[in-house]
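Next up, entry17.txt (compact mmCIF, C-alpha atoms and all ligand atoms):
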# COMPACT_ATOMS: atom_id res chain seq x y z
CA MET A 15 80.69 119.30 126.47
CA LYS A 16 82.42 116.66 128.58
CA ALA A 17 85.55 115.05 127.16
CA VAL A 18 88.47 112.96 128.35
CA VAL A 19 91.59 115.08 127.83
CA TYR A 20 95.33 114.74 128.38
CA ASP A 21 98.10 117.31 128.04
CA THR A 22 101.18 115.23 128.64
CA TYR A 23 102.28 111.74 127.60
CA GLY A 24 102.31 109.21 130.42
CA ALA A 25 100.45 106.61 132.51
CA PRO A 26 96.61 106.34 132.41
CA ASP A 27 96.22 108.88 135.22
CA VAL A 28 97.25 111.72 132.87
CA LEU A 29 93.65 111.39 131.61
CA ARG A 30 90.91 113.52 133.13
CA VAL A 31 87.32 114.44 132.32
CA GLU A 32 86.94 118.16 131.56
CA GLU A 33 84.49 120.61 129.98
CA VAL A 34 85.71 121.63 126.51
CA PRO A 35 84.12 123.57 123.61
CA ARG A 36 81.94 121.53 121.25
CA PRO A 37 83.41 120.97 117.79
CA VAL A 38 81.80 122.96 114.98
CA PRO A 39 81.24 120.86 111.83
CA LYS A 40 82.68 122.18 108.55
CA ASP A 41 80.60 122.09 105.38
CA ASP A 42 81.61 118.50 104.59
CA GLU A 43 81.37 117.22 108.18
CA VAL A 44 78.75 115.98 110.59
CA MET A 45 78.77 116.55 114.32
CA VAL A 46 77.99 113.31 116.10
CA LYS A 47 76.58 113.09 119.61
CA VAL A 48 78.68 110.19 120.85
CA ARG A 49 76.76 107.51 122.76
CA ALA A 50 79.47 104.89 123.11
CA VAL A 51 83.15 104.64 122.24
CA ALA A 52 85.86 101.98 122.41
CA VAL A 53 89.06 102.17 124.44
CA THR A 54 91.73 100.65 122.23
CA ARG A 55 95.35 99.62 122.26
CA GLY A 56 95.91 102.52 119.89
CA ASP A 57 94.60 104.98 122.50
CA CYS A 58 96.96 103.49 125.09
CA ALA A 59 99.99 103.49 122.81
CA THR A 60 99.40 107.10 121.73
CA ARG A 61 98.81 108.31 125.30
CA GLU A 62 102.15 106.94 126.46
CA ALA A 63 103.89 107.92 123.17
CA ASN A 64 104.65 104.23 122.57
CA ARG A 65 107.25 104.22 125.32
CA ARG A 66 106.81 100.46 125.82
CA SER A 67 108.02 99.88 122.26
CA GLY A 68 111.41 101.50 122.83
CA PRO A 69 112.96 104.92 122.08
CA ALA A 70 112.96 104.66 118.26
CA ILE A 71 109.25 103.86 118.01
CA SER A 72 108.48 106.38 120.74
CA PHE A 73 110.21 109.10 118.72
CA LEU A 74 108.28 108.13 115.57
CA SER A 75 105.07 108.13 117.61
CA ARG A 76 105.79 111.68 118.85
CA LEU A 77 106.51 112.83 115.28
CA VAL A 78 102.94 111.82 114.45
CA SER A 79 101.14 112.77 117.69
CA GLY A 80 103.13 115.82 118.80
CA LEU A 81 106.82 116.02 119.65
CA ARG A 82 106.66 117.67 123.10
CA ARG A 83 102.99 117.27 123.95
CA PRO A 84 99.93 115.65 122.35
CA LYS A 85 98.55 117.52 119.30
CA HIS A 86 95.11 116.04 119.91
CA ARG A 87 94.03 116.45 123.55
CA ILE A 88 91.15 114.00 123.18
CA LEU A 89 91.81 110.32 122.43
CA GLY A 90 89.26 107.76 121.21
CA THR A 91 88.62 106.55 117.68
CA GLU A 92 85.82 103.95 117.33
CA PHE A 93 82.42 105.45 118.10
CA ALA A 94 78.67 105.13 117.72
CA GLY A 95 76.16 107.92 118.14
CA GLU A 96 73.62 110.22 116.52
CA VAL A 97 74.12 112.99 113.99
CA GLU A 98 73.38 116.22 115.82
CA ALA A 99 74.32 118.70 113.08
CA ALA A 100 75.33 118.42 109.43
CA GLY A 101 77.47 120.79 107.35
CA ALA A 102 75.93 122.63 104.38
CA ALA A 103 77.42 120.22 101.80
CA VAL A 104 76.35 117.01 103.56
CA ALA A 105 73.77 114.92 101.69
CA GLU A 106 74.57 111.42 102.99
CA PHE A 107 73.47 111.92 106.60
CA ALA A 108 70.69 113.87 108.31
CA VAL A 109 70.19 115.08 111.86
CA GLY A 110 69.07 112.14 114.02
CA ASP A 111 70.77 109.42 111.89
CA GLN A 112 72.48 106.75 113.96
CA VAL A 113 76.04 106.24 112.83
CA PHE A 114 79.27 104.45 113.72
CA GLY A 115 82.83 104.58 112.48
CA THR A 116 86.34 105.56 113.35
CA THR A 117 88.11 108.91 113.49
CA GLY A 118 91.50 107.24 112.92
CA LEU A 119 94.57 109.32 113.67
CA LYS A 120 92.42 112.41 114.31
CA PHE A 121 91.09 110.76 117.53
CA GLY A 122 88.58 112.98 119.42
CA ALA A 123 85.93 110.34 120.17
CA HIS A 124 86.30 110.16 123.98
CA ALA A 125 83.88 113.05 124.21
CA GLU A 126 80.19 113.88 124.14
CA CYS A 127 80.48 115.15 120.54
CA LEU A 128 82.88 114.78 117.64
CA SER A 129 83.11 116.15 114.11
CA ILE A 130 83.96 113.91 111.19
CA ARG A 131 84.10 114.30 107.40
CA VAL A 132 81.36 112.30 105.72
CA SER A 133 83.90 110.93 103.23
CA ALA A 134 85.85 109.47 106.16
CA ARG A 135 85.22 106.13 107.85
CA ILE A 136 81.59 106.55 108.93
CA ALA A 137 78.38 104.67 108.05
CA HIS A 138 74.81 104.24 109.24
CA MET A 139 74.55 101.87 112.17
CA PRO A 140 73.50 98.29 111.43
CA ALA A 141 69.86 97.62 112.21
CA GLY A 142 69.06 96.10 115.59
CA MET A 143 72.23 97.09 117.44
CA SER A 144 72.72 99.17 120.57
CA PHE A 145 75.25 102.00 120.54
CA GLU A 146 77.53 99.99 122.84
CA GLU A 147 77.46 97.06 120.43
CA ALA A 148 78.08 99.26 117.40
CA ALA A 149 80.89 101.42 118.83
CA PRO A 150 83.67 98.79 118.56
CA ILE A 151 82.67 97.42 115.13
CA CYS A 152 85.72 98.99 113.48
CA ASP A 153 88.26 98.30 116.23
CA GLY A 154 90.24 95.28 115.19
CA ALA A 155 87.90 94.46 112.31
CA LEU A 156 89.21 97.19 109.99
CA ASN A 157 92.74 96.12 110.76
CA ALA A 158 91.93 92.42 110.27
CA LEU A 159 90.14 93.24 107.01
CA THR A 160 93.10 95.28 105.73
CA CYS A 161 95.41 92.37 106.48
CA LEU A 162 93.17 89.67 105.01
CA LYS A 163 92.41 91.62 101.82
CA GLN A 164 96.10 91.34 100.93
CA VAL A 165 95.87 87.56 100.59
CA ASP A 166 93.76 85.23 98.50
CA LEU A 167 91.56 83.65 101.16
CA ARG A 168 88.93 81.26 99.87
CA LYS A 169 87.60 77.76 100.33
CA GLY A 170 90.43 75.28 100.78
CA ARG A 171 92.96 77.85 102.01
CA ARG A 172 94.29 77.31 105.51
CA ILE A 173 94.88 80.20 107.88
CA LEU A 174 96.24 80.26 111.43
CA ILE A 175 95.14 83.23 113.52
CA TYR A 176 97.49 83.65 116.44
CA GLY A 177 96.11 85.68 119.36
CA ALA A 178 92.53 85.01 118.31
CA SER A 179 90.97 86.50 121.46
CA GLY A 180 91.86 90.20 121.04
CA ALA A 181 90.07 92.88 119.02
CA ILE A 182 91.89 91.97 115.79
CA GLY A 183 91.85 88.24 116.53
CA THR A 184 88.11 87.89 117.24
CA ALA A 185 87.34 89.90 114.10
CA GLY A 186 89.97 88.02 112.08
CA VAL A 187 88.44 84.63 112.87
CA GLN A 188 84.98 85.79 111.75
CA LEU A 189 86.25 87.52 108.59
CA ALA A 190 88.46 84.60 107.55
CA LYS A 191 85.46 82.28 107.93
CA TYR A 192 83.37 84.70 105.88
CA PHE A 193 86.00 84.56 103.10
CA GLY A 194 85.66 80.76 103.15
CA ALA A 195 89.02 79.79 104.63
CA ASP A 196 89.73 76.86 106.91
CA VAL A 197 90.52 78.62 110.20
CA THR A 198 92.78 77.44 112.99
CA ALA A 199 92.83 79.85 115.92
CA ALA A 200 95.38 79.97 118.76
CA CYS A 201 94.38 81.46 122.11
CA ASN A 202 94.57 80.95 125.87
CA THR A 203 92.56 78.20 127.64
CA LYS A 204 89.91 80.62 128.93
CA ASN A 205 89.00 81.79 125.43
CA VAL A 206 88.88 78.44 123.61
CA GLU A 207 85.08 78.14 123.67
CA LEU A 208 84.51 81.75 122.69
CA VAL A 209 86.87 81.49 119.72
CA ARG A 210 85.23 78.23 118.64
CA SER A 211 81.83 79.96 118.81
CA LEU A 212 83.16 82.65 116.43
CA GLY A 213 83.56 79.96 113.77
CA ALA A 214 87.10 78.61 114.10
CA ASP A 215 87.36 75.12 112.62
CA ARG A 216 90.14 74.22 115.05
CA VAL A 217 91.37 75.91 118.23
CA ILE A 218 94.88 75.52 119.63
CA ASP A 219 95.32 76.35 123.30
CA TYR A 220 98.74 78.01 123.14
CA THR A 221 99.41 77.25 126.82
CA ARG A 222 99.30 73.50 126.01
CA GLU A 223 100.41 73.19 122.40
CA ASP A 224 103.09 74.91 120.36
CA PHE A 225 101.69 75.30 116.84
CA THR A 226 105.21 75.41 115.41
CA LYS A 227 105.83 71.84 116.60
CA ASN A 228 102.67 70.00 115.50
CA GLY A 229 103.66 69.52 111.83
CA GLN A 230 100.72 71.55 110.47
CA THR A 231 101.30 74.12 107.74
CA TYR A 232 99.20 77.07 106.57
CA ASP A 233 98.77 79.28 103.51
CA VAL A 234 98.50 82.30 105.79
CA ILE A 235 99.48 83.09 109.39
CA LEU A 236 97.93 86.23 110.90
CA ASP A 237 99.72 87.41 114.03
CA ALA A 238 96.77 89.28 115.53
CA VAL A 239 98.54 90.36 118.75
CA GLY A 240 102.09 91.16 117.75
CA LYS A 241 103.51 88.27 119.76
CA LEU A 242 104.91 86.15 116.93
CA SER A 243 107.77 86.62 114.52
CA PHE A 244 108.21 85.62 110.89
CA GLY A 245 111.21 83.54 111.95
CA ARG A 246 109.19 81.53 114.46
CA SER A 247 106.28 81.04 112.05
CA ARG A 248 108.31 80.22 108.95
CA SER A 249 108.33 76.42 109.37
CA SER A 250 104.53 76.45 109.78
CA LEU A 251 103.99 78.24 106.46
CA LYS A 252 103.48 76.37 103.19
CA PRO A 253 106.23 77.00 100.55
CA SER A 254 104.53 80.16 99.27
CA GLY A 255 102.79 80.97 102.54
CA ILE A 256 102.24 84.51 103.80
CA PHE A 257 102.88 85.96 107.25
CA LEU A 258 100.60 88.88 108.15
CA PRO A 259 101.83 90.92 111.13
CA THR A 260 99.80 93.63 112.88
CA ASP A 261 102.64 95.23 114.80
CA GLY A 262 106.45 95.45 115.02
CA LEU A 263 108.91 97.55 113.04
CA ALA A 264 111.07 94.50 112.22
CA ASN A 265 108.19 93.22 110.11
CA LEU A 266 108.59 96.19 107.76
CA MET A 267 112.13 95.05 107.05
CA TRP A 268 110.94 91.46 106.49
CA ALA A 269 108.22 92.72 104.16
CA LEU A 270 110.84 94.58 102.10
CA LEU A 271 113.30 91.69 102.10
CA THR A 272 110.75 89.06 101.09
CA SER A 273 109.01 91.24 98.48
CA ARG A 274 111.73 90.47 95.91
CA THR A 275 112.14 86.78 96.61
CA ARG A 276 110.14 83.70 95.73
CA GLY A 277 108.63 81.67 98.52
CA LYS A 278 107.37 82.71 101.93
CA LYS A 279 106.52 86.39 102.31
CA VAL A 280 105.66 88.99 104.91
CA LEU A 281 102.95 91.48 103.90
CA PHE A 282 102.67 94.53 106.15
CA GLN A 283 100.74 97.57 104.95
CA ILE A 284 101.88 100.78 106.68
CA PRO A 285 99.85 102.92 106.98
CA PRO A 286 96.90 100.56 106.54
CA ARG A 287 94.53 101.63 103.74
CA GLN A 288 91.05 101.65 105.25
CA THR A 289 88.09 103.21 103.47
CA THR A 290 84.46 104.23 103.89
CA GLN A 291 83.62 101.18 101.76
CA ASP A 292 85.36 98.95 104.33
CA VAL A 293 83.15 100.40 107.08
CA ARG A 294 80.02 99.84 104.96
CA PHE A 295 81.22 96.30 104.25
CA LEU A 296 81.45 95.63 108.01
CA LYS A 297 77.94 97.03 108.49
CA GLU A 298 76.65 94.60 105.85
CA LEU A 299 78.45 91.70 107.49
CA VAL A 300 76.89 92.60 110.86
CA GLU A 301 73.43 92.84 109.27
CA GLY A 302 73.98 89.51 107.52
CA GLY A 303 74.95 87.83 110.80
CA LYS A 304 78.52 87.21 109.61
CA TYR A 305 80.36 89.47 112.05
CA ARG A 306 79.72 90.75 115.55
CA PRO A 307 82.28 92.58 117.68
CA VAL A 308 83.05 90.80 120.94
CA ILE A 309 82.64 93.05 123.96
CA ASP A 310 84.53 92.23 127.12
CA ARG A 311 83.78 95.09 129.53
CA ARG A 312 81.76 98.32 129.56
CA TYR A 313 82.51 101.36 131.70
CA PRO A 314 80.94 104.82 132.05
CA LEU A 315 83.01 107.60 130.44
CA GLU A 316 84.01 108.82 133.89
CA ASP A 317 85.81 105.50 134.55
CA VAL A 318 88.11 105.95 131.57
CA ILE A 319 91.26 105.50 133.67
CA GLU A 320 90.08 102.15 135.01
CA ALA A 321 89.03 101.06 131.51
CA THR A 322 92.40 102.13 130.12
CA ARG A 323 94.30 100.23 132.81
CA TYR A 324 92.37 97.11 131.84
CA VAL A 325 93.11 97.55 128.12
CA GLU A 326 96.79 97.98 129.01
CA THR A 327 96.92 94.54 130.61
CA GLU A 328 96.89 93.27 126.98
CA GLN A 329 94.43 90.63 128.20
CA LYS A 330 91.09 91.98 127.06
CA THR A 331 88.85 89.64 125.12
CA GLY A 332 87.66 91.54 122.06
CA ASN A 333 86.77 95.11 122.96
CA VAL A 334 86.28 97.52 125.87
CA VAL A 335 83.56 100.15 125.57
CA LEU A 336 82.84 103.45 127.34
CA THR A 337 79.22 104.49 127.59
CA VAL A 338 79.07 108.21 126.97
CA SER A 339 75.33 108.54 127.32
CA SER A 340 72.99 105.86 128.59
CA ALA A 341 70.36 106.56 125.91
CA GLN A 342 69.42 103.34 124.14
CA ARG A 343 68.88 103.08 120.43
CA LEU A 344 65.30 103.29 119.31
CA ALA A 345 64.12 100.32 117.26
N1 LIG B 401 93.02 97.12 117.39
C1 LIG B 401 93.46 97.65 116.26
O1 LIG B 401 92.69 98.04 115.38
C2 LIG B 401 94.96 97.76 116.03
C3 LIG B 401 95.40 98.55 114.96
C4 LIG B 401 96.78 98.60 114.70
C5 LIG B 401 97.67 97.87 115.47
N2 LIG B 401 97.21 97.13 116.52
C6 LIG B 401 98.17 96.36 117.29
O2 LIG B 401 97.81 94.99 117.11
C7 LIG B 401 98.01 94.27 118.32
C8 LIG B 401 96.70 93.64 118.76
O3 LIG B 401 95.73 94.62 118.97
P1 LIG B 401 94.34 94.25 119.64
O4 LIG B 401 93.61 95.52 119.79
O5 LIG B 401 93.70 93.13 118.91
O6 LIG B 401 94.89 93.71 121.03
P2 LIG B 401 94.09 93.24 122.31
O7 LIG B 401 92.63 93.21 122.02
O8 LIG B 401 94.57 94.05 123.46
O9 LIG B 401 94.65 91.75 122.47
C9 LIG B 401 94.44 91.17 123.70
C10 LIG B 401 94.39 89.65 123.53
O10 LIG B 401 95.69 89.17 123.21
C11 LIG B 401 95.85 87.93 123.85
N3 LIG B 401 97.27 87.68 124.11
C12 LIG B 401 98.07 88.38 124.93
N4 LIG B 401 99.31 87.84 124.91
C13 LIG B 401 99.27 86.79 124.05
C14 LIG B 401 100.22 85.84 123.60
N5 LIG B 401 101.48 85.85 124.03
N6 LIG B 401 99.84 84.92 122.71
C15 LIG B 401 98.56 84.88 122.25
N7 LIG B 401 97.61 85.75 122.65
C16 LIG B 401 97.96 86.68 123.54
C17 LIG B 401 95.10 88.10 125.15
O11 LIG B 401 94.60 86.90 125.63
P3 LIG B 401 95.46 85.93 126.57
O12 LIG B 401 96.54 86.75 127.21
O13 LIG B 401 94.49 85.43 127.54
O14 LIG B 401 95.96 84.95 125.60
C18 LIG B 401 93.95 89.03 124.80
O15 LIG B 401 92.73 88.34 124.56
C19 LIG B 401 98.56 95.27 119.31
O16 LIG B 401 99.96 95.17 119.30
C20 LIG B 401 98.09 96.61 118.78
O17 LIG B 401 98.94 97.66 119.17
C21 LIG B 401 95.88 97.08 116.81

Would you give me this structure, written as structure tokens?
Ligand SMILES: NC(=O)c1ccc[n+]([C@@H]2O[C@H](COP(=O)([O-])OP(=O)(O)OC[C@H]3O[C@@H](n4cnc5c(N)ncnc54)[C@H](OP(=O)(O)O)[C@@H]3O)[C@@H](O)[C@H]2O)c1
Amino acid sequence: MKAVVYDTYGAPDVLRVEEVPRPVPKDDEVMVKVRAVAVTRGDCATREANRRSGPAISFLSRLVSGLRRPKHRILGTEFAGEVEAAGAAVAEFAVGDQVFGTTGLKFGAHAECLSIRVSARIAHMPAGMSFEEAAPICDGALNALTCLKQVDLRKGRRILIYGASGAIGTAGVQLAKYFGADVTAACNTKNVELVRSLGADRVIDYTREDFTKNGQTYDVILDAVGKLSFGRSRSSLKPSGIFLPTDGLANLMWALLTSRTRGKKVLFQIPPRQTTQDVRFLKELVEGGKYRPVIDRRYPLEDVIEATRYVETEQKTGNVVLTVSSAQRLA
């Protein structure tokens, strides 16, 4: 089968499309014929061994992904496709079922086929979606859900979502609205209308207004792009407000320090606990019209380097998708 592989950490051009053996599903796994897959910030960070985040993080990244060279030659996590084979113990899925999910730290989705345990993060595709639409459902949304489940969001609670135009941000706005919160979203001028259309009650254009200086306070601030700090957000939090980061080692320290004190807190779950139930929950939200992943650009699998370069600009709006096979979903 065709797959995007890499054998050394580095810039996007370490990636190449190559013929590799197809995975063989174990008894508790399905083999999925991948139709579409997302290119994520996680793929980029792993491919360059997190060099942009400094030597300490890069070392930790290599401990997980392979010290000298990548343990997993194939990147890619969020996928949609069809079950092509099922292990002997699999009862939940049958050959031909259309599925989506994420392979998480096992990667392997930038390929024509992948194997995944049925107890992992996989579910049947929501009705009425194409593979390209379904592939990025989990990117950003699982992370946003993990963050938001830590806080008591409901009607009357005010949340600020900073960086509301990325994968986590666009999902975060929709999920926070679903939970009933009053949502203020901060993004760049070009994304104001999009973010409003996702349900934000108020949108702050961060190029024109500094949210820390407008006197507004929130029960929760979600930093969806890793560009804020607890220190900068503190004055915009209510007395027992919560800061939810999505990135940054310093936030672990803040989470520890604030866990034993009264008042404003940082909650940062590492590693994030994401379950099959979370994936099914997202499917139900999609089917109920409460959540839809935003797709910025689509590329064929062969253009993975170009797609990756775009994701690395840190300017994508929502998600970037690779089409692995052009077959469209049957109704
Ligand atoms: N995606 C995941 O599931 C996941 C999981 C774990 C950790 N993370 C981490 O979480 C962070 C966000 O991930 P993501 O996938 O959501 O990122 P993303 O989709 O690449 O975010 C891109 C968006 O961020 C906005 N942005 C860039 N700089 C900004 C700034 N200074 N202020 C406000 N917005 C800014 C960009 O719009 P403008 O530049 O036009 O404003 C763009 O729309 C990353 O650090 C990533 O490593 C992501």

- Item | Selection near Asp153 of chain A, 10 Å with only C-alpha atoms, sequence-local residues under 2 positions removed, as a PyMOL selection string | chain A and resi 52-56+91-93+115-116+149-151+155-158+181-182+185+307+332-334

Collect all residues with atoms no farther than 8 Å from ligand LIG 401 (chain B), counting all atoms listed in the file, and output them as a tab-separated table (two decimals) with C-alpha atoms, in the frame of the given file.
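So part02.tsv came out as:
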chain	number	residue	atom	x	y	z
A	54	THR	CA	91.73	100.65	122.23
A	55	ARG	CA	95.35	99.62	122.26
A	56	GLY	CA	95.91	102.52	119.89
A	59	ALA	CA	99.99	103.49	122.81
A	152	CYS	CA	85.72	98.99	113.48
A	153	ASP	CA	88.26	98.30	116.23
A	154	GLY	CA	90.24	95.28	115.19
A	155	ALA	CA	87.90	94.46	112.31
A	156	LEU	CA	89.21	97.19	109.99
A	157	ASN	CA	92.74	96.12	110.76
A	158	ALA	CA	91.93	92.42	110.27
A	176	TYR	CA	97.49	83.65	116.44
A	177	GLY	CA	96.11	85.68	119.36
A	178	ALA	CA	92.53	85.01	118.31
A	179	SER	CA	90.97	86.50	121.46
A	180	GLY	CA	91.86	90.20	121.04
A	181	ALA	CA	90.07	92.88	119.02
A	182	ILE	CA	91.89	91.97	115.79
A	183	GLY	CA	91.85	88.24	116.53
A	184	THR	CA	88.11	87.89	117.24
A	200	ALA	CA	95.38	79.97	118.76
A	201	CYS	CA	94.38	81.46	122.11
A	202	ASN	CA	94.57	80.95	125.87
A	203	THR	CA	92.56	78.20	127.64
A	204	LYS	CA	89.91	80.62	128.93
A	205	ASN	CA	89.00	81.79	125.43
A	220	TYR	CA	98.74	78.01	123.14
A	238	ALA	CA	96.77	89.28	115.53
A	239	VAL	CA	98.54	90.36	118.75
A	240	GLY	CA	102.09	91.16	117.75
A	241	LYS	CA	103.51	88.27	119.76
A	242	LEU	CA	104.91	86.15	116.93
A	260	THR	CA	99.80	93.63	112.88
A	261	ASP	CA	102.64	95.23	114.80
A	262	GLY	CA	106.45	95.45	115.02
A	325	VAL	CA	93.11	97.55	128.12
A	326	GLU	CA	96.79	97.98	129.01
A	327	THR	CA	96.92	94.54	130.61
A	328	GLU	CA	96.89	93.27	126.98
A	329	GLN	CA	94.43	90.63	128.20
A	330	LYS	CA	91.09	91.98	127.06
A	331	THR	CA	88.85	89.64	125.12
A	332	GLY	CA	87.66	91.54	122.06
A	333	ASN	CA	86.77	95.11	122.96

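From atom CA of Ile88 of chain A back to atom CA of Asn64 of chain A, the distance works out to 16.7 Å.
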
- Calculate how many Å separate atom CA of Arg82 of chain A from atom CA of Tyr23 of chain A, rounding to one decimal.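 Separation between atom CA of Arg82 of chain A and atom CA of Tyr23 of chain A: 8.6 Å.
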
- Can you tell me, as a PyMOL selection string, what residues are no more than 7 Å from segment 272-279 of chain A when counting all atoms listed in the file, ignoring any on the same chain fewer than 2 positions away? chain A and resi 253-257+268-270+281

Neighbours of Asp21 of chain A within 7 Å (only C-alpha atoms; same-chain residues fewer than 5 positions away dropped), as an mmCIF file with C-alpha atoms, keeping the file's coordinate frame?
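The result, stored in part_6.cif:
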data_model
loop_
_atom_site.group_PDB
_atom_site.id
_atom_site.type_symbol
_atom_site.label_atom_id
_atom_site.label_comp_id
_atom_site.auth_asym_id
_atom_site.auth_seq_id
_atom_site.Cartn_x
_atom_site.Cartn_y
_atom_site.Cartn_z
ATOM 1 C CA ARG A 83 102.990 117.270 123.950
ATOM 2 C CA PRO A 84 99.930 115.650 122.350
ATOM 3 C CA ARG A 87 94.030 116.450 123.550
#

- Query: Using only C-alpha atoms, which residues sit within 8 Å of Val206 of chain A once same-chain residues fewer than 5 positions away are excluded, as a list in words?
  - Reply: Cys201, Val217, Ile218 and Asp219 of chain A

Go ahead and write the residues just picked, C-alpha atoms, as a PDB file, in the coordinates of the input.
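Result saved to part05.pdb:
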ATOM      1  CA  CYS A 201      94.380  81.460 122.110  1.00  0.00           C
ATOM      2  CA  VAL A 217      91.370  75.910 118.230  1.00  0.00           C
ATOM      3  CA  ILE A 218      94.880  75.520 119.630  1.00  0.00           C
ATOM      4  CA  ASP A 219      95.320  76.350 123.300  1.00  0.00           C
TER       5      ASP A 219
END

- Note on the structure: From atom CA of Glu43 of chain A to atom CA of Tyr20 of chain A the spacing works out at 24.7 Å

- Neighbour list for segment 102-109 of chain A as JSON, numbers by chain, cut-off 7 Å, only C-alpha atoms, skip fewer than 2 positions in-chain: {"A": [41, 42, 43, 97, 98, 99, 100, 111]}

Centre and edge lengths of an axis-aligned box around all listed atoms of segment 245-257 of chain A, with 3 Å added on each side, are to be given in Å to one decimal, as JSON.
{"center_x": 106.7, "center_y": 81.2, "center_z": 106.9, "size_x": 15.0, "size_y": 15.6, "size_z": 21.2}

- Item | Selected residue, from A:Ile175, A:Val308, A:Ala264, A:Leu128, that lies nearest to Leu89 of chain A when counting only C-alpha atoms | A:Leu128

- Item | Best match for closeness to Pro285 of chain A among A:Ile130, A:Val197, A:Ile319, A:Leu266, counting only C-alpha atoms | A:Leu266

- A:Cys127, A:Val18, A:Ala25, A:Leu77 ranked by distance to Pro39 of chain A, top pick (using only C-alpha atoms):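 Between A:Cys127, A:Val18, A:Ala25, A:Leu77, the residue approaching Pro39 of chain A most closely is A:Cys127.
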
- Message: Considering all atoms listed in the file, can you say which of A:His124, A:Arg135, A:Lys47, A:His86 comes closest to Leu315 of chain A?
- Response: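 Closest residue, counting all atoms listed in the file: A:His124.
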
- Note on the structure: Between A:Glu146, A:Gly24, A:Leu296, A:Asp196, smallest distance to Arg311 of chain A by only C-alpha atoms belongs to A:Glu146

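Residue nearest Glu33 of chain A, chosen from A:Ser79, A:Ala125, A:Gln112, A:Leu271 and counting all atoms listed in the file: A:Ala125.
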